[in-house]
file work_11.txt (compact mmCIF, N, CA, C and O atoms)
# COMPACT_ATOMS: atom_id res chain seq x y z
N MET A 149 -13.15 4.84 7.57
CA MET A 149 -12.20 5.93 7.53
C MET A 149 -11.19 5.82 8.66
O MET A 149 -10.02 6.10 8.47
N LEU A 150 -11.65 5.45 9.84
CA LEU A 150 -10.76 5.36 10.98
C LEU A 150 -10.34 3.91 11.17
O LEU A 150 -11.13 3.08 11.57
N ARG A 151 -9.09 3.63 10.85
CA ARG A 151 -8.60 2.26 10.92
C ARG A 151 -7.50 2.14 11.95
O ARG A 151 -6.95 3.11 12.42
N GLY A 152 -7.13 0.92 12.28
CA GLY A 152 -6.01 0.68 13.17
C GLY A 152 -6.41 0.32 14.58
O GLY A 152 -5.74 -0.44 15.23
N TYR A 153 -7.48 0.87 15.08
CA TYR A 153 -7.97 0.58 16.42
C TYR A 153 -9.42 0.12 16.31
O TYR A 153 -10.17 0.63 15.49
N PRO A 154 -9.81 -0.82 17.15
CA PRO A 154 -11.21 -1.27 17.09
C PRO A 154 -12.17 -0.17 17.56
O PRO A 154 -11.78 0.70 18.34
N PRO A 155 -13.40 -0.22 17.10
CA PRO A 155 -14.38 0.80 17.48
C PRO A 155 -14.57 0.90 19.00
O PRO A 155 -14.82 1.99 19.53
N GLU A 156 -14.44 -0.23 19.71
CA GLU A 156 -14.61 -0.21 21.16
C GLU A 156 -13.56 0.67 21.82
O GLU A 156 -13.84 1.39 22.78
N PHE A 157 -12.33 0.60 21.30
CA PHE A 157 -11.25 1.41 21.86
C PHE A 157 -11.51 2.89 21.58
O PHE A 157 -11.31 3.74 22.45
N ARG A 158 -11.93 3.19 20.36
CA ARG A 158 -12.24 4.59 20.03
C ARG A 158 -13.36 5.12 20.92
O ARG A 158 -13.32 6.26 21.38
N ARG A 159 -14.34 4.25 21.21
CA ARG A 159 -15.43 4.65 22.12
C ARG A 159 -14.86 4.93 23.51
O ARG A 159 -15.26 5.87 24.19
N LYS A 160 -13.91 4.09 23.94
CA LYS A 160 -13.26 4.25 25.25
C LYS A 160 -12.51 5.58 25.32
O LYS A 160 -12.40 6.18 26.38
N VAL A 161 -12.01 6.04 24.20
CA VAL A 161 -11.31 7.32 24.13
C VAL A 161 -12.31 8.48 24.08
O VAL A 161 -12.14 9.48 24.78
N LEU A 162 -13.34 8.34 23.28
CA LEU A 162 -14.27 9.45 23.05
C LEU A 162 -15.25 9.70 24.20
O LEU A 162 -15.63 10.84 24.45
N ASP A 163 -15.64 8.65 24.90
CA ASP A 163 -16.61 8.83 25.99
C ASP A 163 -16.12 9.80 27.06
O ASP A 163 -16.86 10.72 27.43
N PRO A 164 -14.89 9.65 27.58
CA PRO A 164 -14.43 10.62 28.59
C PRO A 164 -14.31 12.04 28.03
O PRO A 164 -14.57 13.01 28.74
N ILE A 165 -13.93 12.16 26.77
CA ILE A 165 -13.80 13.48 26.15
C ILE A 165 -15.18 14.13 26.04
O ILE A 165 -15.34 15.31 26.32
N GLU A 166 -16.17 13.33 25.65
CA GLU A 166 -17.54 13.84 25.55
C GLU A 166 -18.07 14.28 26.92
O GLU A 166 -18.89 15.18 27.01
N SER A 167 -17.59 13.64 27.98
CA SER A 167 -18.07 14.00 29.31
C SER A 167 -17.28 15.16 29.92
O SER A 167 -17.51 15.54 31.06
N GLY A 168 -16.30 15.70 29.17
CA GLY A 168 -15.64 16.91 29.62
C GLY A 168 -14.15 16.81 29.93
O GLY A 168 -13.51 17.82 30.22
N ARG A 169 -13.58 15.61 29.87
CA ARG A 169 -12.14 15.50 30.13
C ARG A 169 -11.36 16.06 28.96
O ARG A 169 -11.82 16.07 27.83
N LYS A 170 -10.15 16.49 29.23
CA LYS A 170 -9.30 17.09 28.19
C LYS A 170 -8.74 16.00 27.27
O LYS A 170 -8.41 14.90 27.71
N VAL A 171 -8.63 16.37 26.00
CA VAL A 171 -8.13 15.44 24.98
C VAL A 171 -6.73 14.97 25.34
O VAL A 171 -6.43 13.77 25.30
N ALA A 172 -5.84 15.88 25.68
CA ALA A 172 -4.46 15.52 26.00
C ALA A 172 -4.39 14.57 27.19
O ALA A 172 -3.59 13.63 27.19
N GLU A 173 -5.23 14.79 28.17
CA GLU A 173 -5.26 13.95 29.37
C GLU A 173 -5.68 12.52 29.02
O GLU A 173 -5.04 11.55 29.44
N VAL A 174 -6.75 12.39 28.25
CA VAL A 174 -7.24 11.06 27.85
C VAL A 174 -6.22 10.36 26.96
O VAL A 174 -5.95 9.17 27.14
N ALA A 175 -5.63 11.10 26.04
CA ALA A 175 -4.64 10.51 25.13
C ALA A 175 -3.45 9.98 25.92
O ALA A 175 -2.97 8.87 25.67
N GLN A 176 -2.96 10.76 26.85
CA GLN A 176 -1.80 10.33 27.65
C GLN A 176 -2.16 9.12 28.51
O GLN A 176 -1.38 8.18 28.62
N LEU A 177 -3.33 9.15 29.10
CA LEU A 177 -3.78 8.06 29.95
C LEU A 177 -3.85 6.74 29.18
O LEU A 177 -3.47 5.68 29.70
N LEU A 178 -4.31 6.80 27.93
CA LEU A 178 -4.48 5.59 27.13
C LEU A 178 -3.28 5.28 26.22
O LEU A 178 -3.29 4.29 25.49
N GLY A 179 -2.28 6.15 26.25
CA GLY A 179 -1.05 5.88 25.49
C GLY A 179 -1.17 6.06 23.99
O GLY A 179 -0.56 5.32 23.23
N ILE A 180 -1.98 7.02 23.56
CA ILE A 180 -2.09 7.32 22.13
C ILE A 180 -1.77 8.79 21.93
O ILE A 180 -1.72 9.57 22.88
N SER A 181 -1.58 9.18 20.67
CA SER A 181 -1.20 10.57 20.39
C SER A 181 -2.41 11.50 20.50
O SER A 181 -3.55 11.10 20.29
N ASP A 182 -2.11 12.74 20.84
CA ASP A 182 -3.15 13.76 20.90
C ASP A 182 -3.81 13.92 19.54
O ASP A 182 -5.03 14.07 19.43
N GLN A 183 -2.98 13.90 18.49
CA GLN A 183 -3.49 14.16 17.14
C GLN A 183 -4.55 13.15 16.73
O GLN A 183 -5.58 13.52 16.18
N ILE A 184 -4.30 11.86 16.98
CA ILE A 184 -5.29 10.86 16.58
C ILE A 184 -6.57 11.03 17.40
O ILE A 184 -7.67 10.84 16.91
N THR A 185 -6.41 11.45 18.64
CA THR A 185 -7.57 11.69 19.49
C THR A 185 -8.41 12.85 18.95
O THR A 185 -9.64 12.77 18.87
N TYR A 186 -7.74 13.93 18.55
CA TYR A 186 -8.46 15.06 17.95
C TYR A 186 -9.14 14.65 16.64
O TYR A 186 -10.26 15.06 16.36
N THR A 187 -8.47 13.82 15.86
CA THR A 187 -9.04 13.34 14.60
C THR A 187 -10.30 12.53 14.86
O THR A 187 -11.33 12.71 14.19
N TRP A 188 -10.23 11.62 15.83
CA TRP A 188 -11.39 10.80 16.17
C TRP A 188 -12.53 11.66 16.69
O TRP A 188 -13.69 11.43 16.35
N ARG A 189 -12.21 12.66 17.52
CA ARG A 189 -13.24 13.54 18.06
C ARG A 189 -13.93 14.31 16.93
O ARG A 189 -15.15 14.41 16.88
N ARG A 190 -13.12 14.83 16.00
CA ARG A 190 -13.70 15.58 14.88
C ARG A 190 -14.60 14.69 14.03
O ARG A 190 -15.70 15.08 13.66
N GLN A 191 -14.13 13.46 13.74
CA GLN A 191 -14.93 12.55 12.93
C GLN A 191 -16.21 12.17 13.66
O GLN A 191 -17.29 12.07 13.05
N HIS A 192 -16.14 12.00 14.95
CA HIS A 192 -17.33 11.68 15.74
C HIS A 192 -18.33 12.84 15.66
O HIS A 192 -19.53 12.62 15.52
N ARG A 193 -17.84 14.06 15.73
CA ARG A 193 -18.72 15.23 15.62
C ARG A 193 -19.37 15.30 14.24
O ARG A 193 -20.53 15.66 14.10
N ILE A 194 -18.60 14.95 13.22
CA ILE A 194 -19.16 14.92 11.85
C ILE A 194 -20.23 13.83 11.75
O ILE A 194 -21.31 14.05 11.22
N ASP A 195 -19.91 12.65 12.28
CA ASP A 195 -20.85 11.53 12.20
C ASP A 195 -22.14 11.80 12.96
O ASP A 195 -23.20 11.28 12.58
N THR A 196 -22.06 12.60 14.01
CA THR A 196 -23.27 12.90 14.80
C THR A 196 -23.96 14.17 14.34
O THR A 196 -24.93 14.60 14.94
N GLY A 197 -23.44 14.80 13.29
CA GLY A 197 -24.09 15.96 12.71
C GLY A 197 -23.80 17.28 13.41
O GLY A 197 -24.43 18.29 13.12
N ARG A 198 -22.84 17.30 14.31
CA ARG A 198 -22.51 18.53 15.02
C ARG A 198 -21.48 19.37 14.29
O ARG A 198 -21.21 20.50 14.68
N GLU A 199 -20.89 18.81 13.23
CA GLU A 199 -19.87 19.52 12.46
C GLU A 199 -20.04 19.10 11.00
O GLU A 199 -20.35 17.95 10.72
N PRO A 200 -19.84 20.03 10.06
CA PRO A 200 -19.97 19.66 8.65
C PRO A 200 -18.80 18.80 8.18
O PRO A 200 -17.68 18.95 8.67
N GLY A 201 -19.07 17.92 7.24
CA GLY A 201 -18.02 17.09 6.67
C GLY A 201 -18.59 15.78 6.15
O GLY A 201 -19.80 15.56 6.18
N ILE A 202 -17.70 14.91 5.70
CA ILE A 202 -18.10 13.62 5.15
C ILE A 202 -18.15 12.61 6.29
O ILE A 202 -17.16 12.38 6.97
N THR A 203 -19.31 11.98 6.46
CA THR A 203 -19.46 10.99 7.52
C THR A 203 -18.66 9.74 7.20
O THR A 203 -18.30 9.49 6.05
N SER A 204 -18.41 8.93 8.21
CA SER A 204 -17.65 7.69 8.03
C SER A 204 -18.34 6.76 7.05
O SER A 204 -17.69 6.13 6.20
N SER A 205 -19.66 6.66 7.14
CA SER A 205 -20.39 5.76 6.24
C SER A 205 -20.34 6.29 4.80
O SER A 205 -20.19 5.50 3.86
N ASP A 206 -20.44 7.60 4.62
CA ASP A 206 -20.33 8.17 3.28
C ASP A 206 -18.93 7.95 2.71
O ASP A 206 -18.77 7.66 1.53
N HIS A 207 -17.92 8.08 3.57
CA HIS A 207 -16.55 7.88 3.13
C HIS A 207 -16.33 6.43 2.68
O HIS A 207 -15.72 6.18 1.64
N ALA A 208 -16.86 5.49 3.46
CA ALA A 208 -16.74 4.07 3.09
C ALA A 208 -17.45 3.80 1.77
O ALA A 208 -16.93 3.05 0.92
N GLU A 209 -18.61 4.40 1.58
CA GLU A 209 -19.35 4.23 0.33
C GLU A 209 -18.58 4.83 -0.85
O GLU A 209 -18.53 4.23 -1.92
N LEU A 210 -17.97 5.98 -0.64
CA LEU A 210 -17.16 6.60 -1.70
C LEU A 210 -16.00 5.71 -2.11
O LEU A 210 -15.70 5.56 -3.30
N ILE A 211 -15.35 5.11 -1.13
CA ILE A 211 -14.23 4.20 -1.43
C ILE A 211 -14.72 3.02 -2.26
O ILE A 211 -14.10 2.65 -3.27
N THR A 212 -15.86 2.44 -1.86
CA THR A 212 -16.42 1.31 -2.59
C THR A 212 -16.77 1.70 -4.02
O THR A 212 -16.47 0.98 -4.97
N VAL A 213 -17.40 2.84 -4.18
CA VAL A 213 -17.81 3.31 -5.50
C VAL A 213 -16.59 3.59 -6.38
O VAL A 213 -16.56 3.23 -7.56
N ARG A 214 -15.58 4.23 -5.81
CA ARG A 214 -14.37 4.51 -6.60
C ARG A 214 -13.67 3.24 -7.05
O ARG A 214 -13.17 3.17 -8.18
N ARG A 215 -13.64 2.23 -6.18
CA ARG A 215 -13.05 0.94 -6.58
C ARG A 215 -13.84 0.31 -7.72
O ARG A 215 -13.26 -0.21 -8.67
N ARG A 216 -15.16 0.36 -7.61
CA ARG A 216 -16.01 -0.22 -8.65
C ARG A 216 -15.83 0.52 -9.97
O ARG A 216 -15.77 -0.10 -11.04
N ILE A 217 -15.74 1.84 -9.92
CA ILE A 217 -15.52 2.62 -11.13
C ILE A 217 -14.19 2.24 -11.77
O ILE A 217 -14.10 2.06 -12.99
N ALA A 218 -13.15 2.09 -10.95
CA ALA A 218 -11.84 1.69 -11.48
C ALA A 218 -11.92 0.31 -12.14
O ALA A 218 -11.33 0.10 -13.21
N GLU A 219 -12.65 -0.62 -11.53
CA GLU A 219 -12.82 -1.96 -12.13
C GLU A 219 -13.54 -1.86 -13.47
O GLU A 219 -13.13 -2.50 -14.44
N LEU A 220 -14.60 -1.09 -13.51
CA LEU A 220 -15.37 -0.95 -14.75
C LEU A 220 -14.56 -0.26 -15.84
O LEU A 220 -14.64 -0.65 -17.02
N GLU A 221 -13.76 0.74 -15.47
CA GLU A 221 -12.91 1.41 -16.46
C GLU A 221 -11.86 0.46 -17.01
O GLU A 221 -11.58 0.46 -18.21
N ALA A 222 -11.30 -0.39 -16.14
CA ALA A 222 -10.32 -1.38 -16.60
C ALA A 222 -10.97 -2.39 -17.53
O ALA A 222 -10.41 -2.76 -18.57
N GLU A 223 -12.18 -2.83 -17.17
CA GLU A 223 -12.91 -3.77 -18.01
C GLU A 223 -13.23 -3.15 -19.37
O GLU A 223 -13.08 -3.79 -20.41
N LEU A 224 -13.65 -1.90 -19.37
CA LEU A 224 -13.95 -1.20 -20.62
C LEU A 224 -12.71 -1.07 -21.49
O LEU A 224 -12.76 -1.26 -22.70
N ALA A 225 -11.57 -0.77 -20.86
CA ALA A 225 -10.31 -0.66 -21.61
C ALA A 225 -9.95 -1.99 -22.26
O ALA A 225 -9.49 -2.03 -23.40
N ILE A 226 -10.20 -3.08 -21.55
CA ILE A 226 -9.93 -4.42 -22.10
C ILE A 226 -10.82 -4.68 -23.31
O ILE A 226 -10.36 -5.15 -24.35
N HIS A 227 -12.10 -4.36 -23.18
CA HIS A 227 -13.03 -4.56 -24.30
C HIS A 227 -12.67 -3.69 -25.50
O HIS A 227 -12.73 -4.15 -26.65
N ARG A 228 -12.29 -2.46 -25.23
CA ARG A 228 -11.89 -1.59 -26.34
C ARG A 228 -10.64 -2.12 -27.04
O ARG A 228 -10.56 -2.11 -28.26
N ARG A 229 -9.68 -2.59 -26.26
CA ARG A 229 -8.45 -3.13 -26.84
C ARG A 229 -8.75 -4.40 -27.64
O ARG A 229 -8.20 -4.60 -28.73
N ALA A 230 -9.63 -5.25 -27.12
CA ALA A 230 -10.01 -6.47 -27.83
C ALA A 230 -10.70 -6.13 -29.15
O ALA A 230 -10.41 -6.74 -30.19
N ALA A 231 -11.58 -5.14 -29.12
CA ALA A 231 -12.26 -4.73 -30.36
C ALA A 231 -11.26 -4.17 -31.36
O ALA A 231 -11.36 -4.42 -32.56
N GLU A 232 -10.29 -3.44 -30.86
CA GLU A 232 -9.25 -2.88 -31.73
C GLU A 232 -8.43 -3.99 -32.37
O GLU A 232 -8.17 -3.97 -33.58
N LEU A 233 -8.06 -4.99 -31.59
CA LEU A 233 -7.28 -6.11 -32.12
C LEU A 233 -8.10 -6.94 -33.11
O LEU A 233 -7.58 -7.37 -34.14
N LEU A 234 -9.36 -7.16 -32.80
CA LEU A 234 -10.22 -7.90 -33.73
C LEU A 234 -10.39 -7.14 -35.03
O LEU A 234 -10.47 -7.73 -36.10
N GLY A 235 -10.45 -5.84 -34.96
CA GLY A 235 -10.58 -5.02 -36.15
C GLY A 235 -9.36 -5.14 -37.05
O GLY A 235 -9.46 -5.03 -38.27
N GLN A 236 -8.21 -5.38 -36.45
CA GLN A 236 -6.99 -5.53 -37.23
C GLN A 236 -6.89 -6.93 -37.85
O GLN A 236 -6.36 -7.10 -38.93
N VAL A 237 -7.43 -7.94 -37.18
CA VAL A 237 -7.32 -9.32 -37.65
C VAL A 237 -8.42 -9.66 -38.64
O VAL A 237 -8.17 -10.28 -39.66
N VAL A 238 -9.63 -9.28 -38.34
CA VAL A 238 -10.78 -9.61 -39.18
C VAL A 238 -11.09 -8.41 -40.05
O VAL A 238 -11.36 -7.33 -39.55
N PRO A 239 -11.03 -8.58 -41.39
CA PRO A 239 -11.34 -7.44 -42.26
C PRO A 239 -12.80 -7.04 -42.12
O PRO A 239 -13.68 -7.87 -41.95
N ARG A 240 -13.05 -5.74 -42.15
CA ARG A 240 -14.40 -5.23 -42.03
C ARG A 240 -15.17 -5.50 -43.31
O ARG A 240 -14.64 -5.38 -44.41
N LYS A 241 -16.39 -5.84 -43.14
CA LYS A 241 -17.27 -6.03 -44.30
C LYS A 241 -17.80 -4.68 -44.68
O LYS A 241 -18.07 -3.82 -43.86
N ASP A 242 -17.96 -4.48 -46.01
CA ASP A 242 -18.43 -3.17 -46.47
C ASP A 242 -19.96 -3.09 -46.52
O ASP A 242 -20.51 -2.13 -47.00
N GLY A 243 -20.60 -4.09 -45.99
CA GLY A 243 -22.05 -4.06 -45.92
C GLY A 243 -22.71 -4.81 -47.07
O GLY A 243 -23.90 -5.08 -47.04
N SER A 244 -21.97 -5.16 -48.12
CA SER A 244 -22.59 -5.90 -49.22
C SER A 244 -22.40 -7.38 -49.01
O SER A 244 -21.41 -7.82 -48.44
N ARG A 245 -23.34 -8.15 -49.48
CA ARG A 245 -23.26 -9.59 -49.36
C ARG A 245 -22.51 -10.18 -50.53
O ARG A 245 -22.64 -9.70 -51.66
N PRO A 246 -21.74 -11.20 -50.29
CA PRO A 246 -21.05 -11.83 -51.43
C PRO A 246 -22.07 -12.54 -52.34
O PRO A 246 -23.08 -13.06 -51.87
N SER A 247 -21.79 -12.54 -53.60
CA SER A 247 -22.70 -13.20 -54.54
C SER A 247 -22.55 -14.68 -54.45
O SER A 247 -21.48 -15.22 -54.24
N ARG A 248 -23.64 -15.40 -54.76
CA ARG A 248 -23.61 -16.85 -54.67
C ARG A 248 -23.45 -17.47 -55.97
O ARG A 248 -23.66 -17.36 -56.99
call {"tool": "encode", "arguments": {"input": "work_11.txt", "output": "structure tokens"}}
result
Amino acid sequence: MLRGYPPEFRRKVLDPIESGRKVAEVAQLLGISDQITYTWRRQHRIDTGREPGITSSDHAELITVRRRIAELEAELAIHRRAAELLGQVVPRKDGSRPSR
């Protein structure tokens, strides 16, 4: 969920905040925006169970599942279209066998 900065850097930002330093102070010191710092802090609280929400691992799993669903839906659409085209090219049998 949190992209753009390596986890080590996010840890470097969150550790001082967890120990009591102000978000704005840490953000200014490290040259990042207050908003991203607040976002990281909130996500960290969610990940550690101190705040309700979707954890980072759950979010990553949701993204993976949604991609897989999209792939399967596309594959199903291809199969349906192929069956439709085959139905137009090959005449359907009425279930009776031709006489010999």
call {"tool": "atom_distance", "arguments": {"input": "work_11.txt", "atom1": "atom C of A:Gly201", "atom2": "atom CA of A:Trp188"}}
result
13.3 Å
call {"tool": "closest_residue", "arguments": {"input": "work_11.txt", "among": "A:Ser204, A:Gln236, A:Ser167, A:Gln176", "to": "A:His192", "atoms": "only N, CA, C and O atoms"}}
result
A:Ser204
call {"tool": "atom_distance", "arguments": {"input": "work_11.txt", "atom1": "atom CA of A:Tyr153", "atom2": "atom CA of A:Ile211"}}
result
19.3 Å
call {"tool": "closest_residue", "arguments": {"input": "work_11.txt", "among": "A:Tyr186, A:Lys160, A:Glu223, A:Arg229", "to": "A:Ala172", "atoms": "only N, CA, C and O atoms"}}
result
A:Tyr186
call {"tool": "select_by_dssp", "arguments": {"input": "work_11.txt", "residues": "stretch 189-232 of chain A", "states": "alpha helix (DSSP H)", "output": "PyMOL selection string"}}
result
chain A and resi 189-195+204-232
call {"tool": "atom_distance", "arguments": {"input": "work_11.txt", "atom1": "atom CA of A:Val161", "atom2": "atom CA of A:Arg198"}}
result
18.3 Å
call {"tool": "residues_around", "arguments": {"input": "work_11.txt", "residues": "A:Gln191", "least_positions_apart": "5", "cutoff": "7 Å", "atoms": "all atoms listed in the file", "output": "PDB file with N, CA, C and O atoms, keeping the file's coordinate frame"}}
result
ATOM      1  N   THR A 185      -6.410  11.450  18.640  1.00  0.00           N
ATOM      2  CA  THR A 185      -7.570  11.690  19.490  1.00  0.00           C
ATOM      3  C   THR A 185      -8.410  12.850  18.950  1.00  0.00           C
ATOM      4  O   THR A 185      -9.640  12.770  18.870  1.00  0.00           O
ATOM      5  N   TYR A 186      -7.740  13.930  18.550  1.00  0.00           N
ATOM      6  CA  TYR A 186      -8.460  15.060  17.950  1.00  0.00           C
ATOM      7  C   TYR A 186      -9.140  14.650  16.640  1.00  0.00           C
ATOM      8  O   TYR A 186     -10.260  15.060  16.360  1.00  0.00           O
ATOM      9  N   THR A 196     -22.060  12.600  14.010  1.00  0.00           N
ATOM     10  CA  THR A 196     -23.270  12.900  14.800  1.00  0.00           C
ATOM     11  C   THR A 196     -23.960  14.170  14.340  1.00  0.00           C
ATOM     12  O   THR A 196     -24.930  14.600  14.940  1.00  0.00           O
ATOM     13  N   GLY A 197     -23.440  14.800  13.290  1.00  0.00           N
ATOM     14  CA  GLY A 197     -24.090  15.960  12.710  1.00  0.00           C
ATOM     15  C   GLY A 197     -23.800  17.280  13.410  1.00  0.00           C
ATOM     16  O   GLY A 197     -24.430  18.290  13.120  1.00  0.00           O
ATOM     17  N   ILE A 202     -17.700  14.910   5.700  1.00  0.00           N
ATOM     18  CA  ILE A 202     -18.100  13.620   5.150  1.00  0.00           C
ATOM     19  C   ILE A 202     -18.150  12.610   6.290  1.00  0.00           C
ATOM     20  O   ILE A 202     -17.160  12.380   6.970  1.00  0.00           O
ATOM     21  N   THR A 203     -19.310  11.980   6.460  1.00  0.00           N
ATOM     22  CA  THR A 203     -19.460  10.990   7.520  1.00  0.00           C
ATOM     23  C   THR A 203     -18.660   9.740   7.200  1.00  0.00           C
ATOM     24  O   THR A 203     -18.300   9.490   6.050  1.00  0.00           O
ATOM     25  N   SER A 204     -18.410   8.930   8.210  1.00  0.00           N
ATOM     26  CA  SER A 204     -17.650   7.690   8.030  1.00  0.00           C
ATOM     27  C   SER A 204     -18.340   6.760   7.050  1.00  0.00           C
ATOM     28  O   SER A 204     -17.690   6.130   6.200  1.00  0.00           O
TER      29      SER A 204
END
call {"tool": "build_atoms", "arguments": {"input": "work_11.txt", "residues": "stretch 217-225 of chain A", "atoms": "all heavy atoms", "output": "mmCIF file, in the coordinates of the input"}}
result
data_model
loop_
_atom_site.group_PDB
_atom_site.id
_atom_site.type_symbol
_atom_site.label_atom_id
_atom_site.label_comp_id
_atom_site.auth_asym_id
_atom_site.auth_seq_id
_atom_site.Cartn_x
_atom_site.Cartn_y
_atom_site.Cartn_z
ATOM 1 N N ILE A 217 -15.740 1.840 -9.920
ATOM 2 C CA ILE A 217 -15.520 2.620 -11.130
ATOM 3 C C ILE A 217 -14.190 2.240 -11.770
ATOM 4 O O ILE A 217 -14.100 2.060 -12.990
ATOM 5 C CB ILE A 217 -15.583 4.131 -10.825
ATOM 6 C CG1 ILE A 217 -17.020 4.542 -10.538
ATOM 7 C CG2 ILE A 217 -15.012 4.963 -11.976
ATOM 8 C CD1 ILE A 217 -17.175 5.950 -9.994
ATOM 9 N N ALA A 218 -13.150 2.090 -10.950
ATOM 10 C CA ALA A 218 -11.840 1.690 -11.480
ATOM 11 C C ALA A 218 -11.920 0.310 -12.140
ATOM 12 O O ALA A 218 -11.330 0.100 -13.210
ATOM 13 C CB ALA A 218 -10.800 1.693 -10.364
ATOM 14 N N GLU A 219 -12.650 -0.620 -11.530
ATOM 15 C CA GLU A 219 -12.820 -1.960 -12.130
ATOM 16 C C GLU A 219 -13.540 -1.860 -13.470
ATOM 17 O O GLU A 219 -13.130 -2.500 -14.440
ATOM 18 C CB GLU A 219 -13.636 -2.855 -11.192
ATOM 19 C CG GLU A 219 -12.921 -3.292 -9.944
ATOM 20 C CD GLU A 219 -13.856 -3.999 -8.964
ATOM 21 O OE1 GLU A 219 -15.047 -4.241 -9.305
ATOM 22 O OE2 GLU A 219 -13.403 -4.299 -7.851
ATOM 23 N N LEU A 220 -14.600 -1.090 -13.510
ATOM 24 C CA LEU A 220 -15.370 -0.950 -14.750
ATOM 25 C C LEU A 220 -14.560 -0.260 -15.840
ATOM 26 O O LEU A 220 -14.640 -0.650 -17.020
ATOM 27 C CB LEU A 220 -16.669 -0.179 -14.490
ATOM 28 C CG LEU A 220 -17.705 -0.912 -13.646
ATOM 29 C CD1 LEU A 220 -18.850 0.021 -13.285
ATOM 30 C CD2 LEU A 220 -18.211 -2.150 -14.357
ATOM 31 N N GLU A 221 -13.760 0.740 -15.470
ATOM 32 C CA GLU A 221 -12.910 1.410 -16.460
ATOM 33 C C GLU A 221 -11.860 0.460 -17.010
ATOM 34 O O GLU A 221 -11.580 0.460 -18.210
ATOM 35 C CB GLU A 221 -12.259 2.643 -15.852
ATOM 36 C CG GLU A 221 -13.232 3.796 -15.666
ATOM 37 C CD GLU A 221 -12.632 4.987 -14.944
ATOM 38 O OE1 GLU A 221 -11.579 4.838 -14.271
ATOM 39 O OE2 GLU A 221 -13.229 6.078 -15.045
ATOM 40 N N ALA A 222 -11.300 -0.390 -16.140
ATOM 41 C CA ALA A 222 -10.320 -1.380 -16.600
ATOM 42 C C ALA A 222 -10.970 -2.390 -17.530
ATOM 43 O O ALA A 222 -10.410 -2.760 -18.570
ATOM 44 C CB ALA A 222 -9.691 -2.095 -15.400
ATOM 45 N N GLU A 223 -12.180 -2.830 -17.170
ATOM 46 C CA GLU A 223 -12.910 -3.770 -18.010
ATOM 47 C C GLU A 223 -13.230 -3.150 -19.370
ATOM 48 O O GLU A 223 -13.080 -3.790 -20.410
ATOM 49 C CB GLU A 223 -14.189 -4.176 -17.293
ATOM 50 C CG GLU A 223 -14.957 -5.288 -17.967
ATOM 51 C CD GLU A 223 -16.186 -5.678 -17.173
ATOM 52 O OE1 GLU A 223 -16.100 -5.749 -15.933
ATOM 53 O OE2 GLU A 223 -17.233 -5.922 -17.814
ATOM 54 N N LEU A 224 -13.650 -1.900 -19.370
ATOM 55 C CA LEU A 224 -13.950 -1.200 -20.620
ATOM 56 C C LEU A 224 -12.710 -1.070 -21.490
ATOM 57 O O LEU A 224 -12.760 -1.260 -22.700
ATOM 58 C CB LEU A 224 -14.542 0.176 -20.322
ATOM 59 C CG LEU A 224 -14.951 1.011 -21.525
ATOM 60 C CD1 LEU A 224 -16.003 0.288 -22.360
ATOM 61 C CD2 LEU A 224 -15.479 2.358 -21.058
ATOM 62 N N ALA A 225 -11.570 -0.770 -20.860
ATOM 63 C CA ALA A 225 -10.310 -0.660 -21.610
ATOM 64 C C ALA A 225 -9.950 -1.990 -22.260
ATOM 65 O O ALA A 225 -9.490 -2.030 -23.400
ATOM 66 C CB ALA A 225 -9.197 -0.181 -20.692
#
